[in-house]
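Below is work08.tsv, which holds TSV, C-alpha atoms.
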```
chain	number	residue	atom	x	y	z
A	35	MET	CA	0.00	0.00	0.00
A	36	ASP	CA	1.44	3.36	-1.04
A	37	VAL	CA	1.62	6.29	1.35
A	38	SER	CA	-0.37	9.29	0.18
A	39	ARG	CA	0.56	12.91	0.75
A	40	ARG	CA	-2.25	13.09	3.31
A	41	ASP	CA	-0.78	10.06	5.12
A	42	LEU	CA	2.64	11.68	5.26
A	43	ILE	CA	1.16	14.87	6.69
A	44	LYS	CA	-0.68	12.79	9.27
A	45	LEU	CA	2.50	10.94	10.25
A	46	GLY	CA	4.42	14.20	10.52
A	47	SER	CA	1.77	15.92	12.61
A	48	THR	CA	1.65	12.97	15.00
A	49	ALA	CA	5.42	13.03	15.46
A	50	ALA	CA	5.36	16.78	16.03
A	51	ALA	CA	2.49	16.94	18.51
A	52	GLY	CA	3.60	19.65	20.93
A	53	SER	CA	3.64	19.99	24.66
A	54	LEU	CA	0.76	22.45	24.42
A	55	LEU	CA	-1.36	20.33	22.06
A	56	ILE	CA	-3.81	17.60	22.99
A	57	ALA	CA	-3.84	14.29	21.14
A	58	GLN	CA	-7.26	13.25	19.88
A	59	ALA	CA	-8.21	9.78	21.11
A	60	ALA	CA	-10.91	8.24	18.95
A	61	GLN	CA	-10.24	4.78	20.35
A	62	ALA	CA	-8.99	3.61	23.70
A	63	GLN	CA	-7.50	0.56	25.33
A	64	THR	CA	-7.32	-0.37	28.98
A	65	PRO	CA	-3.64	-0.64	29.97
A	66	MET	CA	-2.28	-2.21	33.12
A	67	SER	CA	-3.18	0.76	35.32
A	68	GLY	CA	-6.74	1.06	33.99
A	69	THR	CA	-6.02	4.47	32.43
A	70	GLN	CA	-7.68	5.02	29.06
A	71	MET	CA	-5.10	5.54	26.33
A	72	ALA	CA	-5.37	6.22	22.62
A	73	LEU	CA	-4.69	3.26	20.36
A	74	PRO	CA	-2.14	3.78	17.58
A	75	THR	CA	-3.39	3.42	14.01
A	76	PRO	CA	-1.21	2.03	11.18
A	77	VAL	CA	-0.83	4.56	8.38
A	78	GLY	CA	0.04	3.65	4.80
A	79	PHE	CA	0.09	-0.15	5.20
A	80	LYS	CA	-2.07	-3.09	6.20
A	81	PRO	CA	-0.42	-5.14	8.96
A	82	ALA	CA	-2.27	-8.30	7.85
A	83	ASP	CA	-0.99	-8.07	4.26
A	84	PRO	CA	1.14	-11.23	3.73
A	85	ALA	CA	3.10	-9.47	0.97
A	86	LEU	CA	3.99	-6.48	3.15
A	87	LYS	CA	7.68	-5.57	2.79
A	88	PHE	CA	9.20	-4.14	5.95
A	89	ASP	CA	11.64	-1.22	5.84
A	90	LEU	CA	13.56	-2.72	8.75
A	91	VAL	CA	13.41	-5.92	10.77
A	92	ILE	CA	14.98	-6.20	14.23
A	93	ALA	CA	15.46	-9.95	14.60
A	94	ASN	CA	16.08	-12.42	17.42
A	95	GLY	CA	15.88	-9.92	20.26
A	96	ASP	CA	14.71	-10.60	23.80
A	97	VAL	CA	11.69	-8.33	23.48
A	98	LEU	CA	10.16	-6.75	26.59
A	99	ASP	CA	7.07	-4.54	26.34
A	100	PRO	CA	5.40	-4.03	29.75
A	101	SER	CA	2.36	-2.37	28.16
A	102	GLN	CA	1.45	-5.72	26.57
A	103	ARG	CA	2.93	-7.92	29.31
A	104	LEU	CA	5.15	-9.25	26.54
A	105	ARG	CA	8.51	-10.92	27.11
A	106	GLY	CA	10.26	-13.37	24.80
A	107	LYS	CA	12.33	-13.88	21.68
A	108	ARG	CA	10.65	-12.02	18.83
A	109	ASP	CA	11.23	-10.41	15.44
A	110	ILE	CA	9.96	-6.86	14.95
A	111	GLY	CA	8.92	-5.44	11.56
A	112	ILE	CA	8.88	-1.70	10.88
A	113	LYS	CA	7.08	0.17	8.08
A	114	ASN	CA	6.76	3.91	7.48
A	115	GLY	CA	8.33	4.69	10.83
A	116	GLN	CA	5.70	2.64	12.66
A	117	MET	CA	5.54	-0.72	14.33
A	118	ALA	CA	4.12	-3.09	11.72
A	119	ALA	CA	4.57	-6.61	13.10
A	120	ILE	CA	5.90	-8.49	16.08
A	121	GLY	CA	6.16	-12.25	16.01
A	122	ALA	CA	8.23	-15.36	16.51
A	123	SER	CA	9.82	-15.10	13.06
A	124	ILE	CA	9.72	-12.78	10.05
A	125	ALA	CA	11.08	-14.16	6.80
A	126	ALA	CA	14.36	-12.54	5.73
A	127	ASP	CA	13.04	-11.77	2.22
A	128	ARG	CA	10.37	-9.49	3.71
A	129	ALA	CA	12.97	-7.05	5.05
A	130	VAL	CA	14.70	-4.26	3.13
A	131	GLN	CA	17.13	-3.91	6.04
A	132	HIS	CA	17.86	-6.41	8.79
A	133	ILE	CA	19.55	-6.03	12.19
A	134	ASP	CA	20.28	-9.07	14.35
A	135	ALA	CA	19.65	-8.26	18.02
A	136	GLY	CA	20.28	-11.83	19.19
A	137	GLY	CA	21.15	-12.05	22.87
A	138	ARG	CA	20.15	-8.43	23.52
A	139	LEU	CA	17.22	-6.81	25.29
A	140	VAL	CA	14.79	-4.90	23.04
A	141	THR	CA	12.37	-2.47	24.70
A	142	PRO	CA	10.17	0.40	23.59
A	143	GLY	CA	12.23	3.56	23.17
A	144	LEU	CA	13.13	5.08	26.54
A	145	VAL	CA	11.04	8.04	27.68
A	146	ASP	CA	12.89	10.33	30.09
A	147	VAL	CA	10.36	12.57	31.83
A	148	HIS	CA	12.93	14.86	33.50
A	149	THR	CA	15.80	16.16	31.38
A	150	HIS	CA	17.48	19.34	30.25
A	151	LEU	CA	18.21	18.49	26.62
A	152	ILE	CA	17.75	21.80	24.84
A	153	PRO	CA	21.23	22.89	23.76
A	154	HIS	CA	22.39	26.47	24.39
A	155	ILE	CA	19.48	27.18	26.74
A	156	GLY	CA	20.55	27.28	30.36
A	157	ILE	CA	22.17	24.00	31.37
A	158	GLY	CA	20.80	22.08	28.38
A	159	LEU	CA	22.65	19.46	26.37
A	160	PRO	CA	22.08	18.22	22.78
A	161	ALA	CA	19.83	15.16	23.00
A	162	ASP	CA	20.84	13.56	19.71
A	163	GLU	CA	24.57	13.65	20.40
A	164	LEU	CA	24.06	11.71	23.63
A	165	VAL	CA	21.77	8.96	22.36
A	166	GLY	CA	24.63	6.45	22.22
A	167	ILE	CA	24.84	6.54	26.03
A	168	THR	CA	21.24	7.45	26.91
A	169	GLY	CA	19.22	5.15	24.62
A	170	THR	CA	16.48	7.78	24.91
A	171	THR	CA	14.05	8.46	22.06
A	172	THR	CA	11.66	10.83	23.91
A	173	ALA	CA	12.69	13.45	26.45
A	174	VAL	CA	10.82	16.05	28.49
A	175	SER	CA	12.47	19.34	29.32
A	176	ALA	CA	11.79	20.00	32.99
A	177	GLY	CA	12.32	23.71	33.53
A	178	ASP	CA	14.24	25.13	30.55
A	179	THR	CA	11.14	26.31	28.71
A	180	GLY	CA	9.49	29.45	30.04
A	181	ALA	CA	8.20	32.83	28.93
A	182	ARG	CA	11.56	33.81	27.43
A	183	THR	CA	12.46	30.47	25.88
A	184	LEU	CA	9.21	28.83	24.75
A	185	GLY	CA	9.64	30.26	21.24
A	186	ALA	CA	13.19	28.93	20.99
A	187	PHE	CA	12.05	25.49	22.14
A	188	THR	CA	9.13	25.38	19.70
A	189	HIS	CA	10.69	26.90	16.60
A	190	TRP	CA	14.40	26.11	16.99
A	191	ALA	CA	15.20	23.19	19.32
A	192	ARG	CA	12.43	20.75	18.41
A	193	PRO	CA	12.52	21.08	14.61
A	194	GLN	CA	16.25	20.30	14.43
A	195	THR	CA	16.25	17.48	16.98
A	196	ARG	CA	15.63	13.88	16.04
A	197	THR	CA	14.82	12.97	19.64
A	198	ARG	CA	11.12	13.58	20.35
A	199	LEU	CA	11.03	16.56	22.71
A	200	PHE	CA	8.31	17.82	25.01
A	201	ALA	CA	8.44	20.39	27.79
A	202	PHE	CA	6.92	21.44	31.04
A	203	VAL	CA	6.39	25.21	30.91
A	204	HIS	CA	8.36	26.99	33.63
A	205	ILE	CA	5.88	29.68	34.67
A	206	SER	CA	8.10	31.59	37.10
A	207	ASN	CA	11.10	33.80	36.36
A	208	SER	CA	13.39	31.95	38.73
A	209	VAL	CA	13.48	29.25	41.39
A	210	VAL	CA	11.30	29.46	44.48
A	211	GLY	CA	13.83	31.21	46.73
A	212	GLN	CA	12.12	32.65	49.81
A	213	ASN	CA	8.64	32.60	48.29
A	214	GLY	CA	7.59	29.46	50.08
A	215	LEU	CA	4.67	27.52	48.64
A	216	GLU	CA	3.10	30.45	46.77
A	217	PRO	CA	4.75	29.62	43.39
A	218	LEU	CA	3.43	26.04	43.65
A	219	ARG	CA	-0.07	27.28	44.51
A	220	ARG	CA	-0.01	29.54	41.46
A	221	ALA	CA	1.32	26.77	39.22
A	222	ILE	CA	-1.49	24.46	40.34
A	223	LEU	CA	-4.03	27.23	39.77
A	224	ALA	CA	-2.65	27.85	36.26
A	225	ALA	CA	-2.81	24.14	35.43
A	226	THR	CA	-6.34	23.88	36.80
A	227	VAL	CA	-7.52	26.84	34.73
A	228	ALA	CA	-5.79	25.46	31.61
A	229	GLY	CA	-7.69	22.18	31.84
A	230	PRO	CA	-7.81	18.78	33.53
A	231	GLN	CA	-5.17	17.31	31.21
A	232	TYR	CA	-2.44	19.62	32.51
A	233	ARG	CA	-0.08	18.46	35.26
A	234	VAL	CA	2.32	20.25	37.57
A	235	MET	CA	5.86	19.01	38.18
A	236	CYS	CA	7.49	20.30	41.35
A	237	HIS	CA	11.23	20.00	42.03
A	238	ILE	CA	12.04	19.62	45.72
A	239	CYS	CA	15.41	20.21	47.34
A	240	ALA	CA	16.31	22.34	50.36
A	241	ALA	CA	13.75	25.11	49.86
A	242	PRO	CA	12.26	26.57	53.07
A	243	GLY	CA	8.89	25.45	54.40
A	244	SER	CA	7.22	22.20	55.31
A	245	ILE	CA	7.44	19.40	52.77
A	246	SER	CA	4.27	17.94	54.27
A	247	ASP	CA	2.41	21.16	53.46
A	248	LEU	CA	3.85	21.00	49.93
A	249	LEU	CA	2.76	17.38	49.44
A	250	ASP	CA	-0.76	18.20	50.63
A	251	LEU	CA	-1.17	20.66	47.74
A	252	PHE	CA	-0.60	18.09	44.98
A	253	ARG	CA	-3.50	16.82	42.91
A	254	PRO	CA	-3.69	13.26	41.54
A	255	GLY	CA	-1.43	13.07	38.48
A	256	ASP	CA	0.89	15.88	39.55
A	257	LEU	CA	4.60	15.00	39.72
A	258	LEU	CA	7.01	15.25	42.62
A	259	THR	CA	10.49	15.07	41.10
A	260	HIS	CA	13.76	14.64	43.01
A	261	ALA	CA	11.51	12.58	45.29
A	262	PHE	CA	14.51	10.83	46.90
A	263	SER	CA	16.93	13.73	46.86
A	264	GLY	CA	18.33	13.86	50.37
A	265	ALA	CA	19.00	17.56	49.81
A	266	GLY	CA	17.34	18.63	53.05
A	267	ASN	CA	13.57	18.73	52.57
A	268	ASN	CA	13.01	14.98	52.38
A	269	ILE	CA	10.00	12.65	52.26
A	270	VAL	CA	11.89	10.37	54.68
A	271	GLN	CA	12.94	11.84	58.02
A	272	ASN	CA	14.68	9.90	60.79
A	273	GLY	CA	14.23	6.76	58.72
A	274	GLN	CA	10.45	7.13	58.49
A	275	LEU	CA	8.30	8.00	55.50
A	276	LEU	CA	6.27	11.12	56.19
A	277	PRO	CA	2.51	10.48	56.49
A	278	ALA	CA	1.93	13.25	53.92
A	279	ALA	CA	4.13	11.39	51.41
A	280	LYS	CA	2.20	8.17	51.96
A	281	ALA	CA	-1.10	10.03	51.56
A	282	ALA	CA	0.11	11.73	48.37
A	283	LYS	CA	1.16	8.39	46.90
A	284	GLN	CA	-2.21	6.84	47.76
A	285	ARG	CA	-4.19	9.60	46.05
A	286	GLY	CA	-2.21	9.30	42.81
A	287	VAL	CA	0.62	11.81	43.02
A	288	ILE	CA	3.47	10.61	40.78
A	289	PHE	CA	6.86	10.16	42.47
A	290	ASP	CA	9.69	10.70	39.97
A	291	VAL	CA	13.39	10.06	40.57
A	292	GLY	CA	14.99	13.05	38.77
A	293	HIS	CA	18.46	11.74	39.67
A	294	GLY	CA	20.70	14.56	38.41
A	295	GLY	CA	23.93	15.59	40.03
A	296	GLY	CA	22.50	16.27	43.49
A	297	SER	CA	19.08	14.68	43.81
A	298	PHE	CA	19.29	10.97	44.56
A	299	ASP	CA	20.14	9.56	47.97
A	300	TYR	CA	20.07	5.82	48.71
A	301	THR	CA	19.37	6.56	52.39
A	302	VAL	CA	16.10	8.26	51.40
A	303	CYS	CA	15.12	5.95	48.55
A	304	GLU	CA	15.64	2.63	50.31
A	305	PRO	CA	13.41	3.31	53.34
A	306	ALA	CA	10.81	4.99	51.11
A	307	MET	CA	10.61	1.86	48.96
A	308	GLN	CA	10.52	-0.42	51.99
A	309	GLN	CA	7.63	1.63	53.40
A	310	GLY	CA	5.49	1.45	50.28
A	311	THR	CA	6.62	4.42	48.20
A	312	PRO	CA	8.68	3.27	45.22
A	313	PRO	CA	9.16	5.64	42.27
A	314	ASP	CA	6.46	5.71	39.61
A	315	THR	CA	8.90	6.95	36.97
A	316	LEU	CA	12.67	6.80	36.65
A	317	SER	CA	14.32	9.85	35.10
A	318	SER	CA	17.84	11.16	34.70
A	319	ASP	CA	17.67	14.95	35.18
A	320	LEU	CA	20.52	14.94	32.68
A	321	HIS	CA	22.11	18.35	32.10
A	322	GLY	CA	25.42	20.09	31.57
A	323	PHE	CA	26.51	19.79	35.20
A	324	SER	CA	25.09	16.42	36.19
A	325	ILE	CA	26.72	14.59	33.30
A	326	ASN	CA	30.13	15.48	34.77
A	327	THR	CA	29.39	14.37	38.34
A	328	PRO	CA	30.32	10.94	39.77
A	329	GLY	CA	27.84	8.17	39.05
A	330	TYR	CA	27.17	8.68	35.34
A	331	ARG	CA	23.65	10.14	35.49
A	332	VAL	CA	22.26	8.82	32.19
A	333	LEU	CA	18.94	6.98	32.21
A	334	PRO	CA	20.35	3.42	31.69
A	335	ASN	CA	22.52	3.97	34.78
A	336	VAL	CA	19.49	5.06	36.80
A	337	MET	CA	17.65	1.97	35.55
A	338	SER	CA	20.58	-0.21	36.59
A	339	LYS	CA	20.57	1.29	40.08
A	340	PHE	CA	16.97	0.22	40.58
A	341	LEU	CA	17.56	-3.22	39.10
A	342	ASN	CA	20.14	-3.70	41.82
A	343	LEU	CA	17.73	-2.38	44.46
A	344	GLY	CA	15.51	-5.36	43.70
A	345	VAL	CA	13.07	-3.81	41.23
A	346	SER	CA	12.25	-6.30	38.47
A	347	LEU	CA	13.45	-5.70	34.93
A	348	GLU	CA	9.82	-5.51	33.80
A	349	GLU	CA	9.07	-2.74	36.31
A	350	VAL	CA	12.26	-0.84	35.53
A	351	VAL	CA	11.39	-0.84	31.83
A	352	ALA	CA	7.75	0.10	32.50
A	353	ARG	CA	8.86	3.12	34.54
A	354	THR	CA	11.05	4.37	31.69
A	355	THR	CA	8.66	3.67	28.78
A	356	TRP	CA	4.96	3.08	29.30
A	357	GLU	CA	4.48	4.98	32.57
A	358	PRO	CA	6.13	8.27	31.49
A	359	ALA	CA	4.47	7.97	28.05
A	360	LYS	CA	1.08	7.98	29.76
A	361	ILE	CA	2.07	11.14	31.62
A	362	ILE	CA	2.92	12.84	28.30
A	363	GLY	CA	-0.31	11.55	26.75
A	364	ARG	CA	0.28	13.17	23.35
A	365	VAL	CA	1.32	10.33	21.00
A	366	PRO	CA	-0.83	7.19	20.62
A	367	GLY	CA	1.27	4.10	21.28
A	368	LEU	CA	4.27	5.98	22.67
A	369	GLY	CA	6.23	3.80	25.08
A	370	THR	CA	4.86	0.58	23.55
A	371	LEU	CA	5.57	-1.84	20.72
A	372	LEU	CA	1.93	-1.99	19.62
A	373	VAL	CA	1.30	-2.20	15.87
A	374	GLY	CA	0.88	1.36	14.60
A	375	ALA	CA	2.93	2.87	17.41
A	376	PRO	CA	6.02	4.96	16.63
A	377	ALA	CA	8.86	2.57	15.78
A	378	ASP	CA	11.02	3.66	18.71
A	379	MET	CA	13.19	1.04	20.37
A	380	SER	CA	16.08	0.89	22.79
A	381	ILE	CA	18.34	-2.15	22.51
A	382	PHE	CA	20.61	-3.06	25.42
A	383	GLU	CA	23.29	-5.42	26.54
A	384	LEU	CA	22.21	-6.73	29.95
A	385	VAL	CA	25.65	-7.24	31.45
A	386	ASP	CA	26.17	-9.58	34.40
A	387	GLY	CA	29.15	-8.91	36.62
A	388	PRO	CA	30.25	-6.85	39.61
A	389	VAL	CA	29.43	-3.16	39.37
A	390	GLU	CA	29.50	-0.31	41.87
A	391	PHE	CA	26.94	2.50	41.96
A	392	VAL	CA	27.16	5.83	43.74
A	393	ASP	CA	24.40	8.29	44.61
A	394	THR	CA	24.70	12.08	44.81
A	395	ARG	CA	25.71	11.94	48.50
A	396	ASN	CA	28.60	9.55	47.78
A	397	ASN	CA	26.75	6.56	49.24
A	398	LYS	CA	27.83	3.46	47.35
A	399	ARG	CA	26.08	0.20	46.56
A	400	SER	CA	27.40	-2.94	44.89
A	401	GLY	CA	25.46	-4.69	42.16
A	402	THR	CA	25.61	-7.63	39.80
A	403	LYS	CA	24.10	-6.32	36.56
A	404	LYS	CA	23.81	-3.22	34.42
A	405	LEU	CA	22.11	-2.07	31.23
A	406	VAL	CA	24.41	-0.82	28.47
A	407	PRO	CA	22.85	0.79	25.35
A	408	TRP	CA	23.72	-1.08	22.17
A	409	LEU	CA	21.49	0.56	19.54
A	410	THR	CA	18.60	3.02	19.47
A	411	VAL	CA	15.85	3.18	16.86
A	412	LYS	CA	13.71	6.31	16.47
A	413	GLY	CA	10.88	6.39	13.95
A	414	GLY	CA	12.20	3.24	12.29
A	415	ARG	CA	15.75	4.52	11.77
A	416	PRO	CA	18.68	3.35	13.91
A	417	TRP	CA	21.22	5.75	15.27
A	418	GLY	CA	23.62	6.16	18.12
A	419	ARG	CA	26.03	3.25	17.52
A	420	PRO	CA	27.76	3.60	14.15
A	421	PRO	CA	28.82	2.10	11.84
A	422	LEU	CA	25.45	0.89	10.58
A	423	PRO	CA	24.56	-0.80	7.30
A	424	ILE	CA	23.83	1.41	4.30
A	425	PRO	CA	21.59	3.43	4.07
A	426	PHE	CA	21.80	3.99	7.84
A	427	SER	CA	25.51	4.84	8.04
```
Render the structure in this file as structure tokens.
Amino acid sequence: MDVSRRDLIKLGSTAAAGSLLIAQAAQAQTPMSGTQMALPTPVGFKPADPALKFDLVIANGDVLDPSQRLRGKRDIGIKNGQMAAIGASIAADRAVQHIDAGGRLVTPGLVDVHTHLIPHIGIGLPADELVGITGTTTAVSAGDTGARTLGAFTHWARPQTRTRLFAFVHISNSVVGQNGLEPLRRAILAATVAGPQYRVMCHICAAPGSISDLLDLFRPGDLLTHAFSGAGNNIVQNGQLLPAAKAAKQRGVIFDVGHGGGSFDYTVCEPAMQQGTPPDTLSSDLHGFSINTPGYRVLPNVMSKFLNLGVSLEEVVARTTWEPAKIIGRVPGLGTLLVGAPADMSIFELVDGPVEFVDTRNNKRSGTKKLVPWLTVKGGRPWGRPPLPIPFS
């Protein structure tokens, strides 16, 4: 089936859906959490066509897609930048290009919900240049985009970046400082006025005031990032999880890691997890300073930390694909390998062997496994680990 001009426009508009735009959901599925999500729709091909020729086949990988509760050796067929087939075997003559991922873990493309990957704006880094070590296909800017920079993000950074970029809008001129909880109250009011689909992300550190009072302000679906920071205003105090943190978790506030160069402390995270408050999403808070601090703050490293804290591989992958994709809520099928979804994949070596991890307070933990990016595929095109076969090189 040929792709029409209208189909190409539709594909392009889906890929470019902005942080201020709302995706239209004509159909819905019930994912693991019960949240209604838009189903992806194949464009320009019929998945059931036995003569369908795939642009690319990723073969023999250990495929893990938490959104479908899928784990096993599979071949993946890609057409027009979309997922077109996933099965036990795809004949070699149906592939224009073929990559053997045998012995490697294949997941939906990583979605990092807290980054600073807008180059030349503040502490931002270039997302595409880092993909070889991040394995990230979708990133959310968490504070770079405000009144003075929204135009640069929309018209300059996003159009020239292959990584899919979204942004939280920073509505204040600076950090909280001595203003207490008033900036958060105003942010929540702005989000409420804008509509029920808008969320607030709040960064916590050592700002003055009661963290319990702060937690009490959050609505279901709002995000607390740097949730395990140890920077002073912590959800765990004297080894105990604050009642306000437990209550926030129970009413649906999202706890995000936001590791960064100063915002992850094992001595906060471990008791929080033991007392029923694990992170809902894992994120890197990658930026120009954090990337040069001890501990290698890229998302696969954060994932590896939690693997070695006893979180299952399935949960680690869910919290870096499907869960943050639902928070974004703009692209049907994002964070999944469903047919019709964007053909975004992260392929890893799951390495067994002794490894040491360090948090941002110099607390160290020993582990036995780590995830190392091997290849990243965005919109059906691999990049990040050259050389690749022509025409991908």
Stretch 148-211 of chain A near stretch 284-303 of chain A within 12 Å: what's each residue's closest atom pair and its distance in Å to one decimal, counting only C-alpha atoms, ordered by chain then ascending residue number, as CSV?
```
residue,atom,partner,partner_atom,distance
A:His148,CA,A:Gly292,CA,5.9
A:Thr149,CA,A:Gly292,CA,8.1
A:His150,CA,A:Gly294,CA,10.0
A:Ile157,CA,A:Gly294,CA,11.9
A:Val174,CA,A:Gly292,CA,11.5
A:Ser175,CA,A:Gly292,CA,11.6
A:Ala176,CA,A:Gly292,CA,9.6
```
Calculate how many Å separate atom CA of A:Ala118 from atom CA of A:Asp162, rounding to one decimal.
24.9 Å
Give me the residues near A:Leu368 as a list in words, where near means some atom within 9 Å (using all atoms listed in the file) and where sequence neighbours in that chain fewer than 5 positions away do not count.
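So the residues in contact are Pro74, Pro142, Gly143, Val145, Thr172, Thr355, Trp356, Ala359, Lys360, Ile362, Gly363, Ala375, Pro376, Ala377 and Asp378 of chain A.
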Determine, counting all atoms listed in the file, which protein, DNA and RNA residues have an atom within 12 Å of an atom of A:Pro388; residues of the same chain fewer than 2 positions away are not included. Present the result as a compact mmCIF listing (two decimals) with C-alpha atoms, keeping the file's coordinate frame.
```txt
# COMPACT_ATOMS: atom_id res chain seq x y z
CA ASN A 342 20.14 -3.70 41.82
CA VAL A 385 25.65 -7.24 31.45
CA ASP A 386 26.17 -9.58 34.40
CA GLU A 390 29.50 -0.31 41.87
CA PHE A 391 26.94 2.50 41.96
CA ARG A 399 26.08 0.20 46.56
CA SER A 400 27.40 -2.94 44.89
CA GLY A 401 25.46 -4.69 42.16
CA THR A 402 25.61 -7.63 39.80
CA LYS A 403 24.10 -6.32 36.56
CA LYS A 404 23.81 -3.22 34.42
```
Computed interatomic separation between atom CA of A:Leu372 and atom CA of A:Ser317 (Å):
23.1 Å
If I wrap all listed atoms of stretch 106-114 of chain A in a box with edges along x, y and z and add 6 Å on each side, what are its centre and edge lengths in Å to one decimal, as JSON?
```
{"center_x": 9.5, "center_y": -5.0, "center_z": 16.1, "size_x": 17.6, "size_y": 29.8, "size_z": 29.3}
```
Using the partial input, fill out stretch 352-363 of chain A with N, CA and C atoms; write the result as an mmCIF file, in the coordinates of the input.
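Okay, out.cif is ready:
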```cif
data_model
loop_
_atom_site.group_PDB
_atom_site.id
_atom_site.type_symbol
_atom_site.label_atom_id
_atom_site.label_comp_id
_atom_site.auth_asym_id
_atom_site.auth_seq_id
_atom_site.Cartn_x
_atom_site.Cartn_y
_atom_site.Cartn_z
ATOM 1 N N ALA A 352 9.052 -0.583 32.493
ATOM 2 C CA ALA A 352 7.750 0.100 32.500
ATOM 3 C C ALA A 352 7.893 1.543 32.964
ATOM 4 N N ARG A 353 8.742 1.777 33.952
ATOM 5 C CA ARG A 353 8.860 3.120 34.540
ATOM 6 C C ARG A 353 9.740 4.042 33.709
ATOM 7 N N THR A 354 10.278 3.526 32.610
ATOM 8 C CA THR A 354 11.050 4.370 31.690
ATOM 9 C C THR A 354 10.472 4.326 30.268
ATOM 10 N N THR A 355 9.301 3.720 30.113
ATOM 11 C CA THR A 355 8.660 3.670 28.780
ATOM 12 C C THR A 355 7.172 3.989 28.905
ATOM 13 N N TRP A 356 6.411 2.990 29.289
ATOM 14 C CA TRP A 356 4.960 3.080 29.300
ATOM 15 C C TRP A 356 4.437 4.097 30.327
ATOM 16 N N GLU A 357 4.978 4.076 31.531
ATOM 17 C CA GLU A 357 4.480 4.980 32.570
ATOM 18 C C GLU A 357 4.729 6.456 32.221
ATOM 19 N N PRO A 358 5.950 6.861 31.868
ATOM 20 C CA PRO A 358 6.130 8.270 31.490
ATOM 21 C C PRO A 358 5.398 8.636 30.196
ATOM 22 N N ALA A 359 5.223 7.675 29.283
ATOM 23 C CA ALA A 359 4.470 7.970 28.050
ATOM 24 C C ALA A 359 3.033 8.322 28.370
ATOM 25 N N LYS A 360 2.447 7.650 29.361
ATOM 26 C CA LYS A 360 1.080 7.980 29.760
ATOM 27 C C LYS A 360 1.000 9.377 30.367
ATOM 28 N N ILE A 361 2.046 9.784 31.060
ATOM 29 C CA ILE A 361 2.070 11.140 31.620
ATOM 30 C C ILE A 361 2.076 12.166 30.490
ATOM 31 N N ILE A 362 2.877 11.926 29.452
ATOM 32 C CA ILE A 362 2.920 12.840 28.300
ATOM 33 C C ILE A 362 1.559 12.849 27.609
ATOM 34 N N GLY A 363 1.037 11.674 27.276
ATOM 35 C CA GLY A 363 -0.310 11.550 26.750
ATOM 36 C C GLY A 363 -0.575 12.229 25.431
#
```
